Every structure is written in structure tokens, then in C-alpha cells.
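See structure below.
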Amino acid sequence: MSNIYLGFHFTIEPKELGSEILIAELGEKPFESFIETETGIVAYIQKDLCTADVLDDIFILSSPEFTVSYKIEEIDQVNWNEEWEKNFEPIDVDGKCHVRAPFHPKTTAEFDIVIEPKMSFGTGHHETTHMMIQHLLETDVTGLKTLDMGCGTAILAILAEMKGAKPIDAIDIDNWCYLNSIENAQRNNCHEIIVYEGEASLLEGKNYDLIIANINRNILLNDMQAYVDCLNKGGILLLSGFYNEDIPFIDASCTEKGLTYVKKLERNNWVSLKYIN
């Protein structure tokens with residue numbers, strides 16, 4: 001595979017909501033990394049994986065509610081750590097959980113998570129990850145057998161272990177996320193997390209007390225039965241990766257499978273839902 005990358009420099013109006021939607025859509029393509037800029041985002045993709053139609057079905061590009069333009073830059077041998085260090089800021093969630101890179105100083109937060117901010121999604125900056133952290137902070141997970149589905153950087157699995165969950169499976173379909181999750185688990189001295197590369201078919205025959213799934217609406221709906229099938233009675237399901245307007249679809253899928261709605265968190269139109277089996 002080539003080491004040459006293309007950087008798509010997107011300018012978006014309105015920026016905040018538009019950037020979130022665009023990242024969510026591009027995340028289903030072979031784009032590997034996203035960096036926020038003053039006017040939008042830069043999305044990186046390996047040149048060998050960039051087809052002529054890679055942006056053809058990106059909805060926001062043709063939406064009348066947004067103005068989006070972009071230019072493409074070819075980059076050879078990207079120093080991803082250097083790029084991230086320019087843009088990565090530490091995150092504080094409710095004064096209890098601090099998410100930082102190795103180059104940030106340690107704080108006195110109860111839960112101090114160190115994430116190597118390479119190209120994986122899930123550094124804590126995005127609203128969905130932030131809300132999932134909030135759910136975990138207010139939930140007693142001691143001794144709960146846990147699944148972090150679509151783990152990204154494994155930040156949620158790491159927090160779950162810090163709060164006493166065990167054992168923990170972390171699964172992601174992306175090879176980079178798989179490797180980065182292993183690295184981050186080791187970096188945070190986690191011993192209860194096993195990382196797998198794959199998708200929902202890996203869940204067959206397994207069972208969990210807590211399932212964390214921060215992905216996107218379509219994947220959640222497609223895999224919901226697999227989650228319910230392996231969720232123990234009384235088990236907790238935490239979901240995010242979708243918008244307020246997606247709630248009726250998610251809730252219908254959950255309730256028809258016997259789950260009971262507990263709570264909703266909302267942040268900039270992104271939402272996170274909690275259910276119990």
C-alpha cells in the first residue's frame with residue numbers, strides 16, 4: 001500500500017454541525033483521519049484507496065442547508081503524530097474524566113486517560129464519545145462483563161476498566177483502530193481488555209452485562225439483534241452515533257426487542273441513549 005495520502009480540505013458553513021455530519025459520512029468511506037480547522041475539517045485518505053466517486057453519495061455536499069467546498073492536497077509520508085499534536089487539545093468531562101495525549105501534563109482528575117491521538121476516531125472530542133463517557137461516569141460497572149463495539153481508540157473500554165468492569169472485549173472493523181486500541185490499552189495499564197478486529201458476527205455465542213456501541217444509525221439498526229442476543233438479563237446497552245431525529249428508529253428497534261428505555265443525553269443535536277434488558 002502506498003504511503004502517499006490525499007488531504008481533502010473542506011470549508012463548511014455552518015461549520016460546527018456541518019463538520020460533524022461530514023465526518024460521520026466520510027467515516028463510512030476509506031478516510032482514516034479528520035482534523036478540525038478554523039473553517040471546517042481536513043480529511044485524509046490513502047491515495048490508492050481514493051476512487052473518482054468517493055464523494056458521490058455524501059449527502060451534505062448537495063444539501064441546501066450547508067455550503068461546502070474543498071480542495072485536495074497530495075501528501076507524502078504524513079507524520080500523523082505531528083499533525084495531531086498541532087490540533088489535539090485535552091478534554092475534561094464533568095471534572096471527573098480527563099482525556100489527554102502523552103504530550104499533555106497529568107491532572108488530578110479521578111480518571112486520567114492517555115490516548116495516542118493518531119488516526120483513529122474516538123479521542124473524546126466528538127459529542128458522541130463525550131456523552132458515552134458521561135454515561136459510564138454515572139454507571140456502576142464494577143464486575144460487569146463489557147463489550148465496546150466499534151471501539152475506535154478503545155477510550156470507552158479503558159474508562160470501563162478504570163471503573164472496575166471486567167472482562168472487556170473491544171471490537172472494531174478497522175485495522176488501524178484495532179492496532180491503536182491495543183496500544184492505548186497497554187498505555188493505560190489495562191489488563192482486562194481484549195481487542196478484536198471484526199464486526200458483529202464475532203458476538204455469536206458471547207454474553208455481556210454491559211454493551212457500549214458508539215457507531216452510527218445504520219450499523220446500530222443492522223446489528224441491534226446481535227447486541228440484544230448477547231446482552232444478559234438486566235444488562236445495560238449504551239448507544240450513540242446518531243442524531244435527535246434518528247431516535248424513533250433506534251427506539252423502535254430496541255423496544256420491539258424487549259429493551260426498556262432509561263435515559264437520553266443530548267449534545268449539539270447528537271444523542272446517546274441508555275436501555276436495560
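Labels used: A, B, ... for chains in the order of the C-alpha cells, numbers from 1 for residues in each chain, and numbers from 1 for ligands as shown.
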Polymer residues at most 8 Å from Ile250 of chain A, only C-alpha atoms, same-chain spacing of 2 or more positions, as a ChimeraX atom specification: /A:217,220-221,246-248,252-254
As a ChimeraX atom specification, please: every residue in segment 156-232 of chain A that DSSP puts in alpha helix (DSSP H). /A:156-162,175-187,217-229
Which polymer residues have any atom within 9 Å of an atom of Leu49 of chain A, counting only C-alpha atoms, with same-chain residues fewer than 5 positions away left out, as an mmCIF file with N, CA, C and O atoms, in the first residue's frame?
data_model
loop_
_atom_site.group_PDB
_atom_site.id
_atom_site.type_symbol
_atom_site.label_atom_id
_atom_site.label_comp_id
_atom_site.auth_asym_id
_atom_site.auth_seq_id
_atom_site.Cartn_x
_atom_site.Cartn_y
_atom_site.Cartn_z
ATOM 1 N N PRO A 30 -13.205 5.211 3.022
ATOM 2 C CA PRO A 30 -11.854 4.840 3.474
ATOM 3 C C PRO A 30 -11.038 5.982 4.079
ATOM 4 O O PRO A 30 -9.828 5.864 4.225
ATOM 5 N N PHE A 31 -11.696 7.095 4.429
ATOM 6 C CA PHE A 31 -10.974 8.181 5.089
ATOM 7 C C PHE A 31 -10.524 7.722 6.467
ATOM 8 O O PHE A 31 -11.287 7.093 7.203
ATOM 9 N N VAL A 54 -15.544 8.717 -4.787
ATOM 10 C CA VAL A 54 -15.511 8.575 -3.330
ATOM 11 C C VAL A 54 -16.459 9.547 -2.622
ATOM 12 O O VAL A 54 -16.960 9.262 -1.545
#
Do a neighbour search on Thr67 of chain A at 7 Å with only C-alpha atoms, toss out local chain neighbours closer than 2 positions, and write the hits as a VMD selection string. chain A and resid 12 to 13 69
Write the residues of the selection above to a file with all heavy atoms, as a PDB file, in the first residue's frame.
ATOM      1  N   ILE A  12     -16.728  24.642   5.412  1.00  0.00           N
ATOM      2  CA  ILE A  12     -18.129  24.296   5.661  1.00  0.00           C
ATOM      3  C   ILE A  12     -18.843  25.445   6.373  1.00  0.00           C
ATOM      4  O   ILE A  12     -18.321  26.025   7.326  1.00  0.00           O
ATOM      5  CB  ILE A  12     -18.223  23.030   6.550  1.00  0.00           C
ATOM      6  CG1 ILE A  12     -17.348  21.905   5.993  1.00  0.00           C
ATOM      7  CG2 ILE A  12     -19.669  22.574   6.689  1.00  0.00           C
ATOM      8  CD1 ILE A  12     -17.068  20.811   6.995  1.00  0.00           C
ATOM      9  N   GLU A  13     -20.045  25.735   5.921  1.00  0.00           N
ATOM     10  CA  GLU A  13     -20.929  26.707   6.575  1.00  0.00           C
ATOM     11  C   GLU A  13     -22.331  26.116   6.676  1.00  0.00           C
ATOM     12  O   GLU A  13     -22.864  25.665   5.673  1.00  0.00           O
ATOM     13  CB  GLU A  13     -20.971  28.021   5.788  1.00  0.00           C
ATOM     14  CG  GLU A  13     -19.735  28.877   5.932  1.00  0.00           C
ATOM     15  CD  GLU A  13     -19.605  29.471   7.317  1.00  0.00           C
ATOM     16  OE1 GLU A  13     -20.637  29.502   8.055  1.00  0.00           O
ATOM     17  OE2 GLU A  13     -18.504  29.870   7.687  1.00  0.00           O
ATOM     18  N   SER A  69     -17.229  23.496   0.308  1.00  0.00           N
ATOM     19  CA  SER A  69     -16.260  23.483  -0.789  1.00  0.00           C
ATOM     20  C   SER A  69     -15.009  22.776  -0.308  1.00  0.00           C
ATOM     21  O   SER A  69     -14.807  22.615   0.905  1.00  0.00           O
ATOM     22  CB  SER A  69     -15.927  24.906  -1.241  1.00  0.00           C
ATOM     23  OG  SER A  69     -15.344  25.646  -0.182  1.00  0.00           O
TER      24      SER A  69
END
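With atom CA of Leu273 of chain A on one side and atom CA of Thr255 of chain A on the other, the separation reads 12.3 Å.
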Residues flagged strand (DSSP E or B) by DSSP in segment 41-194 of chain A, as a PDB file with C-alpha atoms, in the first residue's frame:
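Now in out_22.pdb:
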ATOM      1  CA  ILE A  41     -12.059  19.924   8.516  1.00  0.00           C
ATOM      2  CA  VAL A  42      -9.230  18.152   6.729  1.00  0.00           C
ATOM      3  CA  ALA A  43      -9.989  14.525   5.865  1.00  0.00           C
ATOM      4  CA  TYR A  44      -7.135  12.161   4.976  1.00  0.00           C
ATOM      5  CA  ILE A  45      -7.323   9.123   2.722  1.00  0.00           C
ATOM      6  CA  GLN A  46      -4.672   6.874   1.197  1.00  0.00           C
ATOM      7  CA  THR A  67     -22.304  25.351   1.862  1.00  0.00           C
ATOM      8  CA  VAL A  68     -19.331  23.047   1.367  1.00  0.00           C
ATOM      9  CA  SER A  69     -16.260  23.483  -0.789  1.00  0.00           C
ATOM     10  CA  TYR A  70     -12.966  21.630  -0.806  1.00  0.00           C
ATOM     11  CA  LYS A  71      -9.517  21.392  -2.306  1.00  0.00           C
ATOM     12  CA  ILE A  72      -7.253  18.346  -2.452  1.00  0.00           C
ATOM     13  CA  GLU A  73      -3.618  18.226  -1.364  1.00  0.00           C
ATOM     14  CA  GLU A  74      -1.254  15.316  -2.004  1.00  0.00           C
ATOM     15  CA  ILE A  75       0.924  14.457   0.984  1.00  0.00           C
ATOM     16  CA  ASP A  76       3.876  12.090   1.081  1.00  0.00           C
ATOM     17  CA  ILE A  91     -10.667  17.054  27.180  1.00  0.00           C
ATOM     18  CA  ASP A  92     -12.342  17.400  30.555  1.00  0.00           C
ATOM     19  CA  VAL A  93     -15.651  15.569  31.060  1.00  0.00           C
ATOM     20  CA  CYS A  97     -12.520  12.262  33.437  1.00  0.00           C
ATOM     21  CA  HIS A  98      -9.547  13.823  31.694  1.00  0.00           C
ATOM     22  CA  VAL A  99      -8.563  12.588  28.244  1.00  0.00           C
ATOM     23  CA  ARG A 100      -5.139  13.686  27.096  1.00  0.00           C
ATOM     24  CA  PHE A 111      -9.941   9.111  35.701  1.00  0.00           C
ATOM     25  CA  ASP A 112      -6.897  10.156  33.685  1.00  0.00           C
ATOM     26  CA  ILE A 113      -6.889   8.537  30.236  1.00  0.00           C
ATOM     27  CA  VAL A 114      -3.928   8.836  27.886  1.00  0.00           C
ATOM     28  CA  THR A 146     -18.375  -5.486  28.960  1.00  0.00           C
ATOM     29  CA  LEU A 147     -18.343  -5.046  25.191  1.00  0.00           C
ATOM     30  CA  ASP A 148     -17.045  -1.890  23.491  1.00  0.00           C
ATOM     31  CA  MET A 149     -18.404  -2.275  19.958  1.00  0.00           C
ATOM     32  CA  ILE A 168     -13.844  -6.383  28.474  1.00  0.00           C
ATOM     33  CA  ASP A 169     -13.998  -7.132  24.748  1.00  0.00           C
ATOM     34  CA  ALA A 170     -13.226  -4.244  22.364  1.00  0.00           C
ATOM     35  CA  ILE A 171     -14.110  -4.761  18.698  1.00  0.00           C
ATOM     36  CA  ASP A 172     -13.542  -2.636  15.617  1.00  0.00           C
ATOM     37  CA  ILE A 193      -9.289  -5.594  27.685  1.00  0.00           C
ATOM     38  CA  ILE A 194      -9.010  -7.975  24.737  1.00  0.00           C
TER      39      ILE A 194
END
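Proximity ranking of A:Asn277, A:Leu137, A:Ser240, A:Thr108 relative to Glu256 of chain A places A:Asn277 first, based on only C-alpha atoms.
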Neighbouring residues of segment 126-129 of chain A were defined as those with any atom within 7 Å, considering only C-alpha atoms; residues of the same chain fewer than 3 positions away were excluded. Please report them as a list in words.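 Residues near the query, excluding close chain neighbours: Gly122, Met132, Ile133, Asn214, Ser240, Gly241, Arg267, Trp270, Val271 and Ser272 of chain A.
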Grab the residues selected above and save them as a PDB file, in the first residue's frame with C-alpha atoms.
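Saved the output as result19.pdb:
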ATOM      1  CA  GLY A 122     -12.757   8.414  19.426  1.00  0.00           C
ATOM      2  CA  MET A 132     -20.777   7.898  26.338  1.00  0.00           C
ATOM      3  CA  ILE A 133     -18.106   8.901  28.851  1.00  0.00           C
ATOM      4  CA  ASN A 214     -20.919   4.249  19.567  1.00  0.00           C
ATOM      5  CA  SER A 240     -24.651   6.729  20.393  1.00  0.00           C
ATOM      6  CA  GLY A 241     -23.521   7.906  16.980  1.00  0.00           C
ATOM      7  CA  ARG A 267     -25.119  17.410  22.869  1.00  0.00           C
ATOM      8  CA  TRP A 270     -26.144  14.331  18.757  1.00  0.00           C
ATOM      9  CA  VAL A 271     -27.764  11.966  21.252  1.00  0.00           C
ATOM     10  CA  SER A 272     -26.903   8.969  23.386  1.00  0.00           C
TER      11      SER A 272
END
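Distance-wise, atom CA of Ala154 of chain A and atom CA of Leu237 of chain A end up 16.9 Å apart.
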Which is closer to Glu138 of chain A than all the others in A:Leu159, A:Ala52, A:Leu179, A:Leu259, using only C-alpha atoms? A:Leu159
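The gap separating atom CA of Ile215 of chain A from atom CA of Glu65 of chain A is 24.2 Å, in Å to one decimal.
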Using only C-alpha atoms, determine which residues lie at most 9 Å from Met162 of chain A, disregarding the query and same-chain residues fewer than 4 positions distant; provide the list as a PyMOL selection string. chain A and resi 111+157-158+190
With N, CA and C atoms retained, could you export that selection as an mmCIF file, in the first residue's frame?
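The file below, again00.cif, is the result:
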data_model
loop_
_atom_site.group_PDB
_atom_site.id
_atom_site.type_symbol
_atom_site.label_atom_id
_atom_site.label_comp_id
_atom_site.auth_asym_id
_atom_site.auth_seq_id
_atom_site.Cartn_x
_atom_site.Cartn_y
_atom_site.Cartn_z
ATOM 1 N N PHE A 111 -10.277 10.038 36.779
ATOM 2 C CA PHE A 111 -9.941 9.111 35.701
ATOM 3 C C PHE A 111 -9.099 9.855 34.666
ATOM 4 N N ALA A 157 -13.616 1.554 26.506
ATOM 5 C CA ALA A 157 -13.204 0.317 27.169
ATOM 6 C C ALA A 157 -12.221 0.614 28.294
ATOM 7 N N ILE A 158 -11.321 1.544 28.045
ATOM 8 C CA ILE A 158 -10.317 1.921 29.053
ATOM 9 C C ILE A 158 -10.995 2.528 30.273
ATOM 10 N N CYS A 190 -4.032 -1.294 31.149
ATOM 11 C CA CYS A 190 -5.243 -2.107 31.209
ATOM 12 C C CYS A 190 -4.895 -3.578 30.991
#
